[in-house]
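Trainee: Take this structure, written in structure tokens, and hold onto it; I'll ask about it next.
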Amino acid sequence: MTTSRTARRTPRPRDIETIRVLLHSGEVARALQVVGDRWSFLLMRDAFIGVRRFEDLRRRTGASRGTLTARLNAMVDAGLFYRSPYGSAPSRLEYRLTEKGLAFYPVALCMWTWENRWGGEFGLPPRLIHTTCGKSLNPSLVCAHCETGIGWRHLVFKPGPGAHSYPAPPTSTRRRESAASSNGDGVDTTMFHSVDTVGDRWTALLVGALFFGLHRYDDINAALGIATNILADRLRRLLAAGVIEQRLYQDHPPRHEYHLTDKGWDLLQFTIAMHDWGTHWIPSPHGPGLLLRHRPCGKRLRVKVVCGSCGAAVEAREVQIHGPARKSAAQRRGGQGKKPLVRRT
């Protein structure tokens, strides 16, 4: 899913106001209203490997009981999970994926691919096997119409009829908890690097602003419309993660531009998958905010994930976990048995 340097060039919106509209009224912004925090991403991670019970979810994510309860309630209300009783006591509930939640699978696979390529600090994600062909899964995001790859230069975009109709801002402005604060016994740290990189609404929108060609602090701030301390914090996080780099454009006083690195550009597939999911599962009553067209086939963009080995579309029920493909230096030796990546609910 790597996006080459030559695949990054595309006509950009002409002004900051247009970019602001595309960022705030686009489908990614609506999707982030539902899953735009690290706990939501971690819950989706665990749901796709069949973890359903509250105590198991709490142990694996490291979330406090209050935080986990609030996030699960919000995701049930959003239609991603539904509650299902188990055992003899009616108060015992499991949290299972709905059809809407299962449709999030391409986004999860894009995060897995990015983590597998760039992660490692907390342990690399497990190796996935595509049971249809029996080979290691190397997922690829392609156009659903022409089945060709998607790069930045392949996209044509314009404001849709829902432009200027922004979703309500988040109700909480608390600083998100970092992976370092969630180090209790039993916490599963796989996928933490990707979650801590894009598992935040403002960070994801900041990456979007860079995709659209904004590089200077004041321009980015004008497009996002956030407090300067929040923007400075998110820029520091992305710099520390190696997602962006600084380039000096003025000596006196020194001023820098912010540019995506190869690691940052590789988040394009995740962003496109989020756009596709938001388009079809969180539609705006005013119509799409951002219209994307795939230049090679000329059709409105729809995406699907295919297996890099056999070319078949990847379904969650056809993927198994076989343990880590390789381990970081910090991981101890030890094996993991295989288990289904997701069970149909």
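Starting from 1 in every chain, residues are counted up; chains themselves are A, B, ... following the order of the structure tokens, and ligands are numbered from 1 as listed.
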Just the residues within 6 Å of A:Ile129, please, counting only C-alpha atoms, with nothing from its chain fewer than 6 positions along; format it as JSON, numbers by chain.
Mentor: {"A": [135, 136, 137, 319, 320]}
Trainee: Using the selection just defined, write its residues with N, CA and C atoms as a PDB file, in the first residue's frame.
Mentor:
ATOM      1  N   LYS A 135      -2.079 -18.276   1.953  1.00  0.00           N
ATOM      2  CA  LYS A 135      -0.825 -17.534   2.016  1.00  0.00           C
ATOM      3  C   LYS A 135      -0.927 -16.369   2.991  1.00  0.00           C
ATOM      4  N   SER A 136       0.241 -15.832   3.389  1.00  0.00           N
ATOM      5  CA  SER A 136       0.254 -14.658   4.257  1.00  0.00           C
ATOM      6  C   SER A 136      -0.461 -13.510   3.559  1.00  0.00           C
ATOM      7  N   LEU A 137      -1.293 -12.829   4.311  1.00  0.00           N
ATOM      8  CA  LEU A 137      -2.092 -11.756   3.726  1.00  0.00           C
ATOM      9  C   LEU A 137      -1.255 -10.488   3.594  1.00  0.00           C
ATOM     10  N   VAL A 319      -9.915 -14.677   7.186  1.00  0.00           N
ATOM     11  CA  VAL A 319      -8.584 -14.298   7.664  1.00  0.00           C
ATOM     12  C   VAL A 319      -8.353 -14.902   9.041  1.00  0.00           C
ATOM     13  N   GLN A 320      -7.181 -15.463   9.233  1.00  0.00           N
ATOM     14  CA  GLN A 320      -6.802 -16.023  10.520  1.00  0.00           C
ATOM     15  C   GLN A 320      -5.516 -15.392  11.025  1.00  0.00           C
TER      16      GLN A 320
END
Trainee: Find the residue from A:Gln250, A:Ser25, A:Ser84, A:Thr190 that sits nearest to A:Leu97; use only C-alpha atoms when measuring.
Mentor: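 Looking only at the distances to A:Leu97, the closest residue turns out to be A:Ser84.
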Trainee: Have a look at A:His256, A:Lys304, A:Arg317, A:Lys158 and name the one nearest to A:Asp276; count only C-alpha atoms.
Mentor: A:Lys304
Trainee: Excluding A:Lys263 and its own-chain neighbours fewer than 3 positions away, which residues fall within 12 Å of it when counting only C-alpha atoms? Please give them as a list in words.
Mentor: Met1, Thr2, Thr3, Ser4, Arg5, Thr113, Trp114, Glu115, Asn116, Arg117, Trp118, Gly119, Ser194, Thr197, Val207, Leu238, Leu239, Ala241, Gly242, Val243, Ile244, Glu245, His259, Leu260, Asp266, Leu267, Leu268 and Gln269 of chain A
Trainee: Now that the selection is made, can you save its residues with C-alpha atoms as an mmCIF file, in the first residue's frame?
Mentor:
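The result, stored in again26.cif:
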data_model
loop_
_atom_site.group_PDB
_atom_site.id
_atom_site.type_symbol
_atom_site.label_atom_id
_atom_site.label_comp_id
_atom_site.auth_asym_id
_atom_site.auth_seq_id
_atom_site.Cartn_x
_atom_site.Cartn_y
_atom_site.Cartn_z
ATOM 1 C CA MET A 1 0.000 0.000 0.000
ATOM 2 C CA THR A 2 2.989 2.317 -0.167
ATOM 3 C CA THR A 3 2.375 5.565 -2.037
ATOM 4 C CA SER A 4 5.368 6.525 -4.161
ATOM 5 C CA ARG A 5 6.630 10.072 -4.511
ATOM 6 C CA THR A 113 -0.634 -2.853 7.155
ATOM 7 C CA TRP A 114 0.754 0.507 8.275
ATOM 8 C CA GLU A 115 1.626 -0.883 11.698
ATOM 9 C CA ASN A 116 3.322 -3.895 10.153
ATOM 10 C CA ARG A 117 5.442 -1.624 7.957
ATOM 11 C CA TRP A 118 6.282 1.116 10.435
ATOM 12 C CA GLY A 119 5.580 -0.128 13.978
ATOM 13 C CA SER A 194 -0.872 3.345 14.646
ATOM 14 C CA THR A 197 -0.485 8.186 15.664
ATOM 15 C CA VAL A 207 -2.557 14.687 8.289
ATOM 16 C CA LEU A 238 3.880 13.544 14.411
ATOM 17 C CA LEU A 239 7.478 14.769 14.325
ATOM 18 C CA ALA A 241 6.719 9.511 15.284
ATOM 19 C CA GLY A 242 8.553 10.292 12.045
ATOM 20 C CA VAL A 243 5.320 10.942 10.162
ATOM 21 C CA ILE A 244 6.331 14.498 9.252
ATOM 22 C CA GLU A 245 9.581 16.425 8.921
ATOM 23 C CA HIS A 259 6.026 17.884 5.114
ATOM 24 C CA LEU A 260 4.889 14.276 5.174
ATOM 25 C CA ASP A 266 1.662 5.724 3.692
ATOM 26 C CA LEU A 267 -1.324 6.797 5.830
ATOM 27 C CA LEU A 268 -3.194 7.656 2.613
ATOM 28 C CA GLN A 269 -4.721 4.168 2.373
#
Trainee: Given the choices A:Pro288, A:Gly199, A:Gly134, A:Gly298, which gets closest to A:Ala163 if the distance is worked out from only C-alpha atoms?
Mentor: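 Between A:Pro288, A:Gly199, A:Gly134, A:Gly298, the residue approaching A:Ala163 most closely is A:Pro288.
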